[in-house]
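Dumped entry12.pdb below, it's PDB, C-alpha atoms and all ligand atoms:
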```pdb
ATOM      1  CA  MET F 222      15.271 193.302 122.535
ATOM      2  CA  ALA F 223      15.208 194.286 118.827
ATOM      3  CA  ILE F 224      17.683 197.085 119.519
ATOM      4  CA  ARG F 225      20.031 194.674 121.292
ATOM      5  CA  LYS F 226      19.826 192.295 118.312
ATOM      6  CA  ARG F 227      20.574 195.139 115.893
ATOM      7  CA  HIS F 228      23.595 196.126 118.050
ATOM      8  CA  ARG F 229      24.893 192.574 117.961
ATOM      9  CA  ILE F 230      24.593 192.406 114.136
ATOM     10  CA  LEU F 231      26.307 195.787 113.842
ATOM     11  CA  ALA F 232      29.127 194.634 116.147
ATOM     12  CA  LEU F 233      29.560 191.508 114.023
ATOM     13  CA  LEU F 234      29.703 193.553 110.820
ATOM     14  CA  MET F 235      32.154 195.968 112.424
ATOM     15  CA  SER F 236      34.450 193.150 113.555
ATOM     16  CA  GLU F 237      34.464 191.951 109.946
ATOM     17  CA  VAL F 238      35.333 195.452 108.696
ATOM     18  CA  MET F 239      37.974 195.811 111.432
ATOM     19  CA  SER F 240      39.575 192.456 110.543
ATOM     20  CA  GLU F 241      43.335 192.693 110.175
ATOM     21  CA  LYS F 242      43.445 190.416 107.091
ATOM     22  CA  GLY F 243      46.269 191.412 104.747
ATOM     23  CA  LYS F 244      47.820 193.821 107.215
ATOM     24  CA  VAL F 245      51.553 193.632 107.836
ATOM     25  CA  VAL F 246      52.607 192.889 111.417
ATOM     26  CA  LEU F 247      56.137 192.857 112.815
ATOM     27  CA  ILE F 248      56.552 190.929 116.074
ATOM     28  CA  THR F 249      59.873 190.989 117.930
ATOM     29  CA  GLY F 250      60.967 187.840 119.780
ATOM     30  CA  ALA F 251      58.747 185.472 117.800
ATOM     31  CA  SER F 252      60.938 182.372 118.024
ATOM     32  CA  ARG F 253      59.101 181.019 121.097
ATOM     33  CA  GLY F 254      56.741 181.809 123.934
ATOM     34  CA  LEU F 255      54.239 184.607 123.591
ATOM     35  CA  GLY F 256      55.779 186.099 120.429
ATOM     36  CA  LEU F 257      55.469 182.773 118.603
ATOM     37  CA  ALA F 258      51.840 182.377 119.722
ATOM     38  CA  ILE F 259      50.991 185.915 118.552
ATOM     39  CA  ALA F 260      52.681 185.318 115.190
ATOM     40  CA  GLU F 261      50.846 182.025 114.601
ATOM     41  CA  HIS F 262      47.495 183.511 115.601
ATOM     42  CA  CYS F 263      47.984 186.515 113.304
ATOM     43  CA  LEU F 264      48.933 184.151 110.489
ATOM     44  CA  SER F 265      45.736 182.140 111.038
ATOM     45  CA  LYS F 266      43.808 185.412 110.692
ATOM     46  CA  GLY F 267      45.316 186.090 107.266
ATOM     47  CA  MET F 268      47.836 188.723 108.300
ATOM     48  CA  CYS F 269      51.224 189.100 106.638
ATOM     49  CA  VAL F 270      53.507 188.137 109.535
ATOM     50  CA  TYR F 271      57.148 189.016 110.138
ATOM     51  CA  GLY F 272      58.746 187.808 113.362
ATOM     52  CA  THR F 273      62.269 188.210 114.669
ATOM     53  CA  SER F 274      64.870 186.165 116.509
ATOM     54  CA  ARG F 275      68.545 186.630 117.276
ATOM     55  CA  ASN F 276      69.140 183.262 115.592
ATOM     56  CA  PRO F 277      66.471 182.709 112.930
ATOM     57  CA  GLY F 278      68.533 179.896 111.350
ATOM     58  CA  ARG F 279      67.613 177.688 114.309
ATOM     59  CA  PHE F 280      63.929 177.792 113.372
ATOM     60  CA  SER F 281      63.925 176.598 109.756
ATOM     61  CA  ASP F 282      60.419 175.066 110.108
ATOM     62  CA  CYS F 283      58.894 178.422 111.082
ATOM     63  CA  SER F 284      55.527 179.045 109.379
ATOM     64  CA  PHE F 285      56.054 182.796 108.949
ATOM     65  CA  ASN F 286      58.907 185.095 107.880
ATOM     66  CA  LEU F 287      61.535 185.121 110.633
ATOM     67  CA  LEU F 288      64.150 187.872 110.424
ATOM     68  CA  GLN F 289      67.375 188.289 112.366
ATOM     69  CA  MET F 290      67.224 190.973 115.064
ATOM     70  CA  GLU F 291      69.106 191.760 118.253
ATOM     71  CA  VAL F 292      67.080 194.496 119.936
ATOM     72  CA  THR F 293      70.143 195.960 121.683
ATOM     73  CA  ASP F 294      71.780 196.609 118.299
ATOM     74  CA  SER F 295      70.387 199.638 116.466
ATOM     75  CA  SER F 296      71.759 198.619 113.067
ATOM     76  CA  SER F 297      70.223 195.149 113.374
ATOM     77  CA  VAL F 298      66.849 196.698 114.264
ATOM     78  CA  LYS F 299      67.028 199.185 111.373
ATOM     79  CA  LEU F 300      68.022 196.468 108.914
ATOM     80  CA  ALA F 301      65.107 194.175 109.818
ATOM     81  CA  VAL F 302      62.591 197.034 109.648
ATOM     82  CA  ALA F 303      64.020 198.125 106.270
ATOM     83  CA  GLN F 304      63.699 194.537 104.981
ATOM     84  CA  VAL F 305      59.985 194.430 105.815
ATOM     85  CA  LEU F 306      59.410 197.866 104.285
ATOM     86  CA  ASP F 307      61.292 196.857 101.107
ATOM     87  CA  LEU F 308      59.269 193.663 100.743
ATOM     88  CA  GLU F 309      55.818 194.887 101.820
ATOM     89  CA  GLY F 310      55.971 198.674 101.467
ATOM     90  CA  LYS F 311      54.507 199.194 104.941
ATOM     91  CA  ILE F 312      54.252 197.981 108.521
ATOM     92  CA  ASP F 313      50.731 198.258 109.928
ATOM     93  CA  VAL F 314      51.354 196.840 113.388
ATOM     94  CA  LEU F 315      54.477 196.594 115.525
ATOM     95  CA  VAL F 316      54.348 194.243 118.521
ATOM     96  CA  ASN F 317      57.223 195.013 120.878
ATOM     97  CA  ASN F 318      57.353 191.602 122.505
ATOM     98  CA  ALA F 319      61.035 190.591 122.825
ATOM     99  CA  GLY F 320      62.069 190.753 126.441
ATOM    100  CA  VAL F 321      63.854 189.023 129.290
ATOM    101  CA  GLY F 322      63.490 188.749 133.052
ATOM    102  CA  ILE F 323      65.786 189.720 135.905
ATOM    103  CA  THR F 324      65.654 189.106 139.645
ATOM    104  CA  GLY F 325      67.741 190.088 142.632
ATOM    105  CA  PRO F 326      67.847 192.231 145.764
ATOM    106  CA  ILE F 327      68.414 195.890 144.848
ATOM    107  CA  GLU F 328      71.313 196.186 147.288
ATOM    108  CA  GLU F 329      73.218 193.351 145.644
ATOM    109  CA  ILE F 330      72.280 193.317 141.970
ATOM    110  CA  ASP F 331      75.085 193.933 139.468
ATOM    111  CA  LEU F 332      74.611 197.344 137.861
ATOM    112  CA  ASP F 333      76.011 196.145 134.533
ATOM    113  CA  GLU F 334      73.188 193.587 134.472
ATOM    114  CA  VAL F 335      70.726 196.381 135.251
ATOM    115  CA  GLN F 336      72.058 198.387 132.320
ATOM    116  CA  HIS F 337      71.866 195.383 129.995
ATOM    117  CA  HIS F 338      68.319 194.682 131.138
ATOM    118  CA  PHE F 339      67.223 198.216 130.310
ATOM    119  CA  ASP F 340      68.969 197.930 126.962
ATOM    120  CA  VAL F 341      66.825 194.891 126.093
ATOM    121  CA  ASN F 342      63.499 195.621 127.797
ATOM    122  CA  TYR F 343      63.314 199.417 127.501
ATOM    123  CA  ARG F 344      65.754 200.769 124.919
ATOM    124  CA  GLY F 345      65.039 197.748 122.669
ATOM    125  CA  PRO F 346      61.356 198.639 122.183
ATOM    126  CA  LEU F 347      62.321 202.321 121.781
ATOM    127  CA  ARG F 348      64.720 201.370 118.968
ATOM    128  CA  LEU F 349      61.856 199.567 117.231
ATOM    129  CA  ILE F 350      59.488 202.472 117.752
ATOM    130  CA  GLN F 351      62.017 204.944 116.329
ATOM    131  CA  SER F 352      62.600 202.696 113.320
ATOM    132  CA  VAL F 353      58.961 202.123 112.350
ATOM    133  CA  LEU F 354      57.576 205.583 113.082
ATOM    134  CA  PRO F 355      58.812 207.427 109.969
ATOM    135  CA  SER F 356      56.892 205.032 107.692
ATOM    136  CA  MET F 357      53.825 204.871 109.964
ATOM    137  CA  ARG F 358      53.646 208.660 110.147
ATOM    138  CA  GLN F 359      54.015 208.892 106.379
ATOM    139  CA  GLN F 360      51.178 206.423 105.780
ATOM    140  CA  GLY F 361      49.091 208.226 108.433
ATOM    141  CA  SER F 362      48.237 204.992 110.228
ATOM    142  CA  GLY F 363      49.710 202.187 112.280
ATOM    143  CA  MET F 364      49.579 200.609 115.680
ATOM    144  CA  ILE F 365      52.296 199.933 118.238
ATOM    145  CA  ILE F 366      51.563 197.332 120.913
ATOM    146  CA  ASN F 367      54.072 196.987 123.732
ATOM    147  CA  ILE F 368      54.050 193.808 125.778
ATOM    148  CA  THR F 369      54.699 195.202 129.231
ATOM    149  CA  SER F 370      53.678 193.389 132.443
ATOM    150  CA  VAL F 371      51.593 193.514 135.589
ATOM    151  CA  ALA F 372      55.037 193.918 137.196
ATOM    152  CA  GLY F 373      55.285 197.282 135.427
ATOM    153  CA  THR F 374      52.291 198.637 137.323
ATOM    154  CA  MET F 375      53.675 197.882 140.809
ATOM    155  CA  GLY F 376      57.084 197.388 142.408
ATOM    156  CA  LEU F 377      57.547 193.662 142.953
ATOM    157  CA  PRO F 378      60.087 192.616 145.623
ATOM    158  CA  PHE F 379      63.285 191.137 144.164
ATOM    159  CA  ARG F 380      62.004 192.029 140.684
ATOM    160  CA  ALA F 381      62.510 195.767 141.012
ATOM    161  CA  VAL F 382      64.588 196.150 137.862
ATOM    162  CA  TYR F 383      62.075 194.228 135.728
ATOM    163  CA  SER F 384      59.229 196.279 137.226
ATOM    164  CA  ALA F 385      61.148 199.500 136.541
ATOM    165  CA  ALA F 386      61.924 198.707 132.888
ATOM    166  CA  LYS F 387      58.342 197.620 132.106
ATOM    167  CA  SER F 388      56.981 200.625 133.952
ATOM    168  CA  ALA F 389      59.305 202.924 131.965
ATOM    169  CA  LEU F 390      57.923 201.433 128.746
ATOM    170  CA  LEU F 391      54.327 201.817 129.904
ATOM    171  CA  LEU F 392      54.829 205.472 130.867
ATOM    172  CA  SER F 393      56.705 206.213 127.646
ATOM    173  CA  ALA F 394      53.768 204.770 125.719
ATOM    174  CA  GLU F 395      51.409 207.055 127.634
ATOM    175  CA  ALA F 396      53.465 210.045 126.480
ATOM    176  CA  LEU F 397      53.923 208.705 122.957
ATOM    177  CA  ARG F 398      50.168 208.374 122.441
ATOM    178  CA  MET F 399      49.882 212.133 122.831
ATOM    179  CA  GLU F 400      52.956 212.891 120.719
ATOM    180  CA  LEU F 401      51.504 210.795 117.893
ATOM    181  CA  ARG F 402      47.949 212.108 118.053
ATOM    182  CA  PRO F 403      48.336 214.323 114.952
ATOM    183  CA  PHE F 404      49.743 211.466 112.862
ATOM    184  CA  GLY F 405      47.086 208.757 113.142
ATOM    185  CA  VAL F 406      49.420 206.250 114.791
ATOM    186  CA  LYS F 407      47.962 204.385 117.798
ATOM    187  CA  VAL F 408      49.950 203.182 120.789
ATOM    188  CA  THR F 409      48.779 200.692 123.372
ATOM    189  CA  ASN F 410      50.119 198.158 125.876
ATOM    190  CA  LEU F 411      49.258 194.638 126.842
ATOM    191  CA  VAL F 412      49.826 194.221 130.581
ATOM    192  CA  PRO F 413      49.943 190.469 131.229
ATOM    193  CA  GLY F 414      50.357 188.576 134.459
ATOM    194  CA  ASP F 415      52.166 185.250 134.422
ATOM    195  CA  ILE F 416      52.255 183.381 131.102
ATOM    196  CA  ASN F 417      53.303 179.754 130.860
ATOM    197  CA  THR F 418      56.443 180.121 128.723
ATOM    198  CA  ASP F 419      60.142 179.248 129.135
ATOM    199  CA  MET F 420      60.931 182.807 130.163
ATOM    200  CA  ALA F 421      62.480 181.653 133.462
ATOM    201  CA  ALA F 422      65.204 179.830 131.504
ATOM    202  CA  GLY F 423      66.435 183.068 129.919
ATOM    203  CA  ARG F 424      66.081 185.188 133.037
ATOM    204  CA  TYR F 425      69.096 186.703 134.794
ATOM    205  CA  HIS F 426      69.080 185.714 138.457
ATOM    206  CA  ALA F 427      71.410 187.607 140.735
ATOM    207  CA  PRO F 428      73.121 184.855 142.730
ATOM    208  CA  VAL F 429      71.782 183.968 146.151
ATOM    209  CA  ILE F 430      74.739 184.978 148.321
ATOM    210  CA  GLN F 431      75.431 182.797 151.344
ATOM    211  CA  ASN F 432      74.997 184.655 154.636
ATOM    212  CA  SER F 433      73.615 187.679 152.801
ATOM    213  CA  PRO F 434      70.880 189.454 154.772
ATOM    214  CA  TYR F 435      68.559 188.653 151.842
ATOM    215  CA  GLU F 436      69.536 184.966 151.443
ATOM    216  CA  LYS F 437      66.470 183.377 153.023
ATOM    217  CA  LEU F 438      63.833 185.688 151.621
ATOM    218  CA  TYR F 439      65.295 185.946 148.115
ATOM    219  CA  LYS F 440      65.686 182.161 147.844
ATOM    220  CA  LYS F 441      62.070 181.685 148.914
ATOM    221  CA  LEU F 442      60.807 184.293 146.447
ATOM    222  CA  LEU F 443      62.895 182.886 143.571
ATOM    223  CA  ASN F 444      61.230 179.468 143.876
ATOM    224  CA  ARG F 445      57.856 181.139 144.007
ATOM    225  CA  ILE F 446      58.522 183.354 140.940
ATOM    226  CA  ASN F 447      59.491 180.321 138.836
ATOM    227  CA  GLN F 448      56.445 178.346 139.990
ATOM    228  CA  ASP F 449      54.132 181.266 139.153
ATOM    229  CA  VAL F 450      55.291 181.331 135.510
ATOM    230  CA  ASN F 451      54.624 177.571 135.224
ATOM    231  CA  THR F 452      51.035 178.042 136.343
ATOM    232  CA  GLY F 453      50.434 181.126 134.222
ATOM    233  CA  SER F 454      47.976 181.603 131.349
ATOM    234  CA  SER F 455      48.590 179.870 128.031
ATOM    235  CA  PRO F 456      50.465 181.989 125.473
ATOM    236  CA  GLU F 457      47.730 181.141 122.925
ATOM    237  CA  ALA F 458      45.031 182.750 125.093
ATOM    238  CA  ILE F 459      47.140 185.894 125.497
ATOM    239  CA  ALA F 460      47.849 185.921 121.744
ATOM    240  CA  ARG F 461      44.105 185.980 121.006
ATOM    241  CA  ARG F 462      43.816 189.012 123.290
ATOM    242  CA  VAL F 463      46.636 190.760 121.416
ATOM    243  CA  TYR F 464      44.880 190.143 118.099
ATOM    244  CA  LYS F 465      41.647 191.612 119.482
ATOM    245  CA  ILE F 466      43.589 194.726 120.478
ATOM    246  CA  MET F 467      44.945 194.988 116.909
ATOM    247  CA  CYS F 468      41.352 195.082 115.652
ATOM    248  CA  LYS F 469      40.455 198.121 117.755
ATOM    249  CA  SER F 470      40.264 201.444 115.985
ATOM    250  CA  ASN F 471      40.819 203.453 119.151
ATOM    251  CA  PRO F 472      42.695 201.328 121.706
ATOM    252  CA  LYS F 473      43.058 202.272 125.373
ATOM    253  CA  LEU F 474      46.432 202.945 126.990
ATOM    254  CA  TYR F 475      46.559 199.383 128.274
ATOM    255  CA  TYR F 476      44.733 196.080 128.546
ATOM    256  CA  THR F 477      45.393 193.605 131.323
ATOM    257  CA  ALA F 478      45.493 189.867 130.649
ATOM    258  CA  GLY F 479      46.411 186.617 132.368
ATOM    259  CA  PRO F 480      45.418 185.169 135.750
ATOM    260  CA  SER F 481      42.433 187.127 137.067
ATOM    261  CA  PHE F 482      43.853 187.709 140.567
ATOM    262  CA  GLN F 483      46.858 189.421 138.974
ATOM    263  CA  GLN F 484      44.592 191.590 136.809
ATOM    264  CA  PHE F 485      42.632 192.408 139.965
ATOM    265  CA  ALA F 486      45.879 193.455 141.688
ATOM    266  CA  VAL F 487      46.388 196.120 138.982
ATOM    267  CA  LEU F 488      42.962 197.521 139.844
ATOM    268  CA  LEU F 489      43.625 197.361 143.608
ATOM    269  CA  LYS F 490      46.905 199.210 143.158
ATOM    270  CA  ARG F 491      44.993 202.046 141.486
ATOM    271  CA  VAL F 492      42.234 202.354 144.066
ATOM    272  CA  LEU F 493      43.663 201.342 147.459
ATOM    273  CA  PRO F 494      45.683 203.603 149.770
ATOM    274  CA  SER F 495      49.369 202.795 149.178
ATOM    275  CA  ARG F 496      50.050 201.468 152.694
ATOM    276  CA  LEU F 497      47.089 199.102 152.527
ATOM    277  CA  PHE F 498      48.187 197.825 149.111
ATOM    278  CA  GLU F 499      51.702 197.289 150.481
ATOM    279  CA  ARG F 500      50.332 195.266 153.417
ATOM    280  CA  LEU F 501      48.391 193.085 151.008
ATOM    281  CA  MET F 502      51.490 192.519 148.871
ATOM    282  CA  ILE F 503      53.611 191.606 151.911
ATOM    283  CA  SER F 504      51.087 189.081 153.074
ATOM    284  CA  PHE F 505      50.416 187.703 149.561
ATOM    285  CA  GLN F 506      54.138 187.291 148.860
ATOM    286  CA  LYS F 507      54.585 185.816 152.373
ATOM    287  CA  LEU F 508      57.324 188.332 153.199
ATOM    288  CA  ASP F 509      56.415 188.500 156.897
TER     289      ASP F 509
HETATM  290  N1  LIG F 601      56.163 184.822 130.667
HETATM  291  C1  LIG F 601      55.593 185.656 131.508
HETATM  292  O1  LIG F 601      55.136 185.259 132.615
HETATM  293  C2  LIG F 601      55.424 187.119 131.137
HETATM  294  C3  LIG F 601      54.586 187.918 131.933
HETATM  295  C4  LIG F 601      54.421 189.260 131.608
HETATM  296  C5  LIG F 601      55.087 189.788 130.516
HETATM  297  N2  LIG F 601      55.901 189.013 129.775
HETATM  298  C6  LIG F 601      56.595 189.634 128.637
HETATM  299  O2  LIG F 601      56.200 188.972 127.452
HETATM  300  C7  LIG F 601      57.265 189.055 126.484
HETATM  301  C8  LIG F 601      57.540 187.666 125.930
HETATM  302  O3  LIG F 601      57.970 186.846 126.992
HETATM  303  P1  LIG F 601      57.979 185.241 126.909
HETATM  304  O4  LIG F 601      57.472 184.753 128.211
HETATM  305  O5  LIG F 601      57.365 184.779 125.645
HETATM  306  O6  LIG F 601      59.569 184.986 126.910
HETATM  307  P2  LIG F 601      60.461 183.893 126.136
HETATM  308  O7  LIG F 601      59.699 182.642 125.920
HETATM  309  O8  LIG F 601      61.751 183.844 126.897
HETATM  310  O9  LIG F 601      60.692 184.587 124.701
HETATM  311  C9  LIG F 601      61.433 185.767 124.616
HETATM  312  C10 LIG F 601      61.612 186.165 123.150
HETATM  313  O10 LIG F 601      62.394 187.375 123.135
HETATM  314  C11 LIG F 601      63.487 187.214 122.247
HETATM  315  N3  LIG F 601      64.653 187.943 122.781
HETATM  316  C12 LIG F 601      65.187 187.871 124.033
HETATM  317  N4  LIG F 601      66.235 188.694 124.134
HETATM  318  C13 LIG F 601      66.376 189.305 122.932
HETATM  319  C14 LIG F 601      67.290 190.263 122.414
HETATM  320  N5  LIG F 601      68.291 190.771 123.143
HETATM  321  N6  LIG F 601      67.126 190.686 121.127
HETATM  322  C15 LIG F 601      66.126 190.173 120.375
HETATM  323  N7  LIG F 601      65.229 189.256 120.792
HETATM  324  C16 LIG F 601      65.364 188.833 122.061
HETATM  325  C17 LIG F 601      63.751 185.713 122.157
HETATM  326  O11 LIG F 601      64.227 185.420 120.847
HETATM  327  P3  LIG F 601      65.627 184.694 120.496
HETATM  328  O12 LIG F 601      66.150 184.043 121.744
HETATM  329  O13 LIG F 601      65.238 183.689 119.432
HETATM  330  O14 LIG F 601      66.467 185.789 119.976
HETATM  331  C18 LIG F 601      62.355 185.124 122.339
HETATM  332  O15 LIG F 601      61.704 184.945 121.115
HETATM  333  C19 LIG F 601      58.448 189.685 127.216
HETATM  334  O16 LIG F 601      58.515 191.056 126.915
HETATM  335  C20 LIG F 601      58.111 189.485 128.691
HETATM  336  O17 LIG F 601      58.714 190.462 129.521
HETATM  337  C21 LIG F 601      56.089 187.680 130.044
END
```
Can you dump the structure from the file as structure tokens?
Amino acid sequence: MAIRKRHRILALLMSEVMSEKGKVVLITGASRGLGLAIAEHCLSKGMCVYGTSRNPGRFSDCSFNLLQMEVTDSSSVKLAVAQVLDLEGKIDVLVNNAGVGITGPIEEIDLDEVQHHFDVNYRGPLRLIQSVLPSMRQQGSGMIINITSVAGTMGLPFRAVYSAAKSALLLSAEALRMELRPFGVKVTNLVPGDINTDMAAGRYHAPVIQNSPYEKLYKKLLNRINQDVNTGSSPEAIARRVYKIMCKSNPKLYYTAGPSFQQFAVLLKRVLPSRLFERLMISFQKLD
């Protein structure tokens, strides 16, 4: 009993020591949704917060520094990172949050849209990583948190491209952790299920083509996908989880978050035989 009490006191003291107060955090896509919630939570914890938006002028009442950034444009990414470094001298934490959705049957989806999607959701975060790493390596510390997705741990029907881009980011982070081991820079991923944001509004939907072999199924799934986001976890709850990850001195490769059945699916995918998992997915998604 006494030992447990001592452990609890020690944990409390440690969490105080590990507080992120005064640290500089750069969060991409902080104009709304999850990015905004993360930025506001970090601000409430005393962090020095820089967020980004493609149109920061639209958010003049923003409570933190909001910089212009288009993640598909390398010079825009470099400029925003340089601005933070000029003003603060360092970036302690990068949260690669900016991202969009995409849906459509693989056979029909426009390949230019696929390329654009990868430019935002995969190459975008890589541009950020490449821009912040020189300073993080030099200071011998730093943390990179990618916001990936449960969709990046399994192929979701009619969301293959989104799954692929998030999965690419997750796997790249796994490799990057080892590449950065000598330099004291930590890399981790938040793997959320559905979050109640306006993401559906900015998502690219391949059109439902009349008389297409996928018409009925894709239409049904599209309605379902949009409903799922509306009943997802609150962005504020996910933001608190992100902050807790920032406080870790030795973070894991990834942390799941969001609706518990979706977190459970990530576990099932790891442990079940692939055909059994597929059967479960087909029945859960009502694809029969
Ligand atoms: N919502 C979910 O159910 C869910 C689930 C799992 C993972 N996620 C991931 O969580 C992250 C945040 O999603 P959210 O739901 O908060 O979406 P959201 O509400 O649509 O917000 C997306 C943010 O990304 C920024 N953005 C979009 N395209 C950009 C571009 N080309 N360049 C720069 N910034 C860009 C937007 O900023 P501006 O428009 O102001 O530029 C906005 O702040 C994404 O990576 C998403 O994939 C979301």
**OP:** Name the residues that the PyMOL selection byres (((not hetatm)) within 6 of (chain F and resi 601)) pulls out of this structure, and write them as number ranges by chain.
**Re:** F: 250-256, 274-276, 290-293, 318-321, 341, 368-370, 413-420, 423, 450
Subject >> Result set, the PyMOL selection byres (((chain F and resi 379) around 12) and not hetatm) on current file, as a ChimeraX atom specification >> reply: /F:322-330,372,376-378,380-385,425-429,435-436,438-446,506,508
Only C-alpha atoms, please: the residues just picked out, written as a PDB file, in the frame of the given file.
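Heads up, here's the output in selection.pdb:
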```pdb
ATOM      1  CA  GLY F 322      63.490 188.749 133.052  1.00  0.00           C
ATOM      2  CA  ILE F 323      65.786 189.720 135.905  1.00  0.00           C
ATOM      3  CA  THR F 324      65.654 189.106 139.645  1.00  0.00           C
ATOM      4  CA  GLY F 325      67.741 190.088 142.632  1.00  0.00           C
ATOM      5  CA  PRO F 326      67.847 192.231 145.764  1.00  0.00           C
ATOM      6  CA  ILE F 327      68.414 195.890 144.848  1.00  0.00           C
ATOM      7  CA  GLU F 328      71.313 196.186 147.288  1.00  0.00           C
ATOM      8  CA  GLU F 329      73.218 193.351 145.644  1.00  0.00           C
ATOM      9  CA  ILE F 330      72.280 193.317 141.970  1.00  0.00           C
ATOM     10  CA  ALA F 372      55.037 193.918 137.196  1.00  0.00           C
ATOM     11  CA  GLY F 376      57.084 197.388 142.408  1.00  0.00           C
ATOM     12  CA  LEU F 377      57.547 193.662 142.953  1.00  0.00           C
ATOM     13  CA  PRO F 378      60.087 192.616 145.623  1.00  0.00           C
ATOM     14  CA  ARG F 380      62.004 192.029 140.684  1.00  0.00           C
ATOM     15  CA  ALA F 381      62.510 195.767 141.012  1.00  0.00           C
ATOM     16  CA  VAL F 382      64.588 196.150 137.862  1.00  0.00           C
ATOM     17  CA  TYR F 383      62.075 194.228 135.728  1.00  0.00           C
ATOM     18  CA  SER F 384      59.229 196.279 137.226  1.00  0.00           C
ATOM     19  CA  ALA F 385      61.148 199.500 136.541  1.00  0.00           C
ATOM     20  CA  TYR F 425      69.096 186.703 134.794  1.00  0.00           C
ATOM     21  CA  HIS F 426      69.080 185.714 138.457  1.00  0.00           C
ATOM     22  CA  ALA F 427      71.410 187.607 140.735  1.00  0.00           C
ATOM     23  CA  PRO F 428      73.121 184.855 142.730  1.00  0.00           C
ATOM     24  CA  VAL F 429      71.782 183.968 146.151  1.00  0.00           C
ATOM     25  CA  TYR F 435      68.559 188.653 151.842  1.00  0.00           C
ATOM     26  CA  GLU F 436      69.536 184.966 151.443  1.00  0.00           C
ATOM     27  CA  LEU F 438      63.833 185.688 151.621  1.00  0.00           C
ATOM     28  CA  TYR F 439      65.295 185.946 148.115  1.00  0.00           C
ATOM     29  CA  LYS F 440      65.686 182.161 147.844  1.00  0.00           C
ATOM     30  CA  LYS F 441      62.070 181.685 148.914  1.00  0.00           C
ATOM     31  CA  LEU F 442      60.807 184.293 146.447  1.00  0.00           C
ATOM     32  CA  LEU F 443      62.895 182.886 143.571  1.00  0.00           C
ATOM     33  CA  ASN F 444      61.230 179.468 143.876  1.00  0.00           C
ATOM     34  CA  ARG F 445      57.856 181.139 144.007  1.00  0.00           C
ATOM     35  CA  ILE F 446      58.522 183.354 140.940  1.00  0.00           C
ATOM     36  CA  GLN F 506      54.138 187.291 148.860  1.00  0.00           C
ATOM     37  CA  LEU F 508      57.324 188.332 153.199  1.00  0.00           C
TER      38      LEU F 508
END
```
Subject >> Best match for closeness to Leu247 (chain F) among F:Lys490, F:Lys311, F:His338, F:Arg398, counting all atoms listed in the file >> reply: F:Lys311
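The smallest atom-to-atom distance between Leu390 (chain F) and any of F:Gln360, F:Asn317, F:Arg500, F:Gln336, using all atoms listed in the file, is found for F:Asn317.
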Subject >> Distance in Å - CA of Leu411 (chain F) versus CA of Lys473 (chain F) >> reply: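 According to the coordinates, CA of Leu411 (chain F) and CA of Lys473 (chain F) are separated by 9.9 Å.
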**OP:** Convert the output of the PyMOL selection byres (((chain F and resi 271-273) around 12) and not hetatm) on the shown file into explicit residues, formatted as a ChimeraX atom specification.
**Re:** /F:244-253,255-261,263-264,268-270,274-280,283-292,297-298,300-302,304-306,308-309,311-319,349
Subject >> Interatomic distance (Å, one decimal) between CA of Leu354 (chain F) and CA of Leu474 (chain F) >> reply: 18.0 Å
Give, as JSON, the centre coordinates and the x, y and z edge lengths in Å to one decimal for an axis-aligned box around all listed atoms of region 242-260 of chain F, padded by 5 Å on each side.
```
{"center_x": 52.2, "center_y": 187.4, "center_z": 114.3, "size_x": 27.5, "size_y": 22.8, "size_z": 29.2}
```
**OP:** Using CA of Gln431 (chain F) and CA of Asp331 (chain F) as the two end points, give the distance in Å to one decimal.
**Re:**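 Separation of CA of Gln431 (chain F) and CA of Asp331 (chain F): 16.3 Å.
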**OP:** Between F:Ala458, F:Cys468, F:Leu501, F:Val406, single out the one closest to Gln359 (chain F), counting only C-alpha atoms.
**Re:**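 Among F:Ala458, F:Cys468, F:Leu501, F:Val406, it is F:Val406 that comes nearest to Gln359 (chain F).
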Original post:
Got a sec to check which residues sit within 10 Å of (44.1, 185.1, 135.1), counting all atoms listed in the file, and write them as a PyMOL selection string?
Top reply: chain F and resi 413-416+452-455+477-485
Original post:
With distances taken over all atoms listed in the file, which of F:Pro346, F:Ala486, F:Ser362, F:Lys266 is nearest to Phe505 (chain F)?
Top reply: F:Ala486
With N, CA, C and O atoms as the target, complete region 427-431 of chain F and hand it back as a tab-separated table (two decimals), in the frame of the given file.
```tsv
chain	number	residue	atom	x	y	z
F	427	ALA	N	70.27	187.25	139.91
F	427	ALA	CA	71.41	187.61	140.74
F	427	ALA	C	71.64	186.43	141.67
F	427	ALA	O	70.67	185.83	142.16
F	428	PRO	N	72.89	186.05	141.91
F	428	PRO	CA	73.12	184.86	142.73
F	428	PRO	C	72.61	185.04	144.16
F	428	PRO	O	72.61	186.15	144.68
F	429	VAL	N	72.15	183.93	144.73
F	429	VAL	CA	71.78	183.97	146.15
F	429	VAL	C	73.10	183.87	146.93
F	429	VAL	O	73.80	182.87	146.85
F	430	ILE	N	73.44	184.94	147.63
F	430	ILE	CA	74.74	184.98	148.32
F	430	ILE	C	74.60	184.39	149.73
F	430	ILE	O	73.72	184.80	150.49
F	431	GLN	N	75.47	183.44	150.02
F	431	GLN	CA	75.43	182.80	151.34
F	431	GLN	C	75.70	183.82	152.44
F	431	GLN	O	76.59	184.66	152.30
```
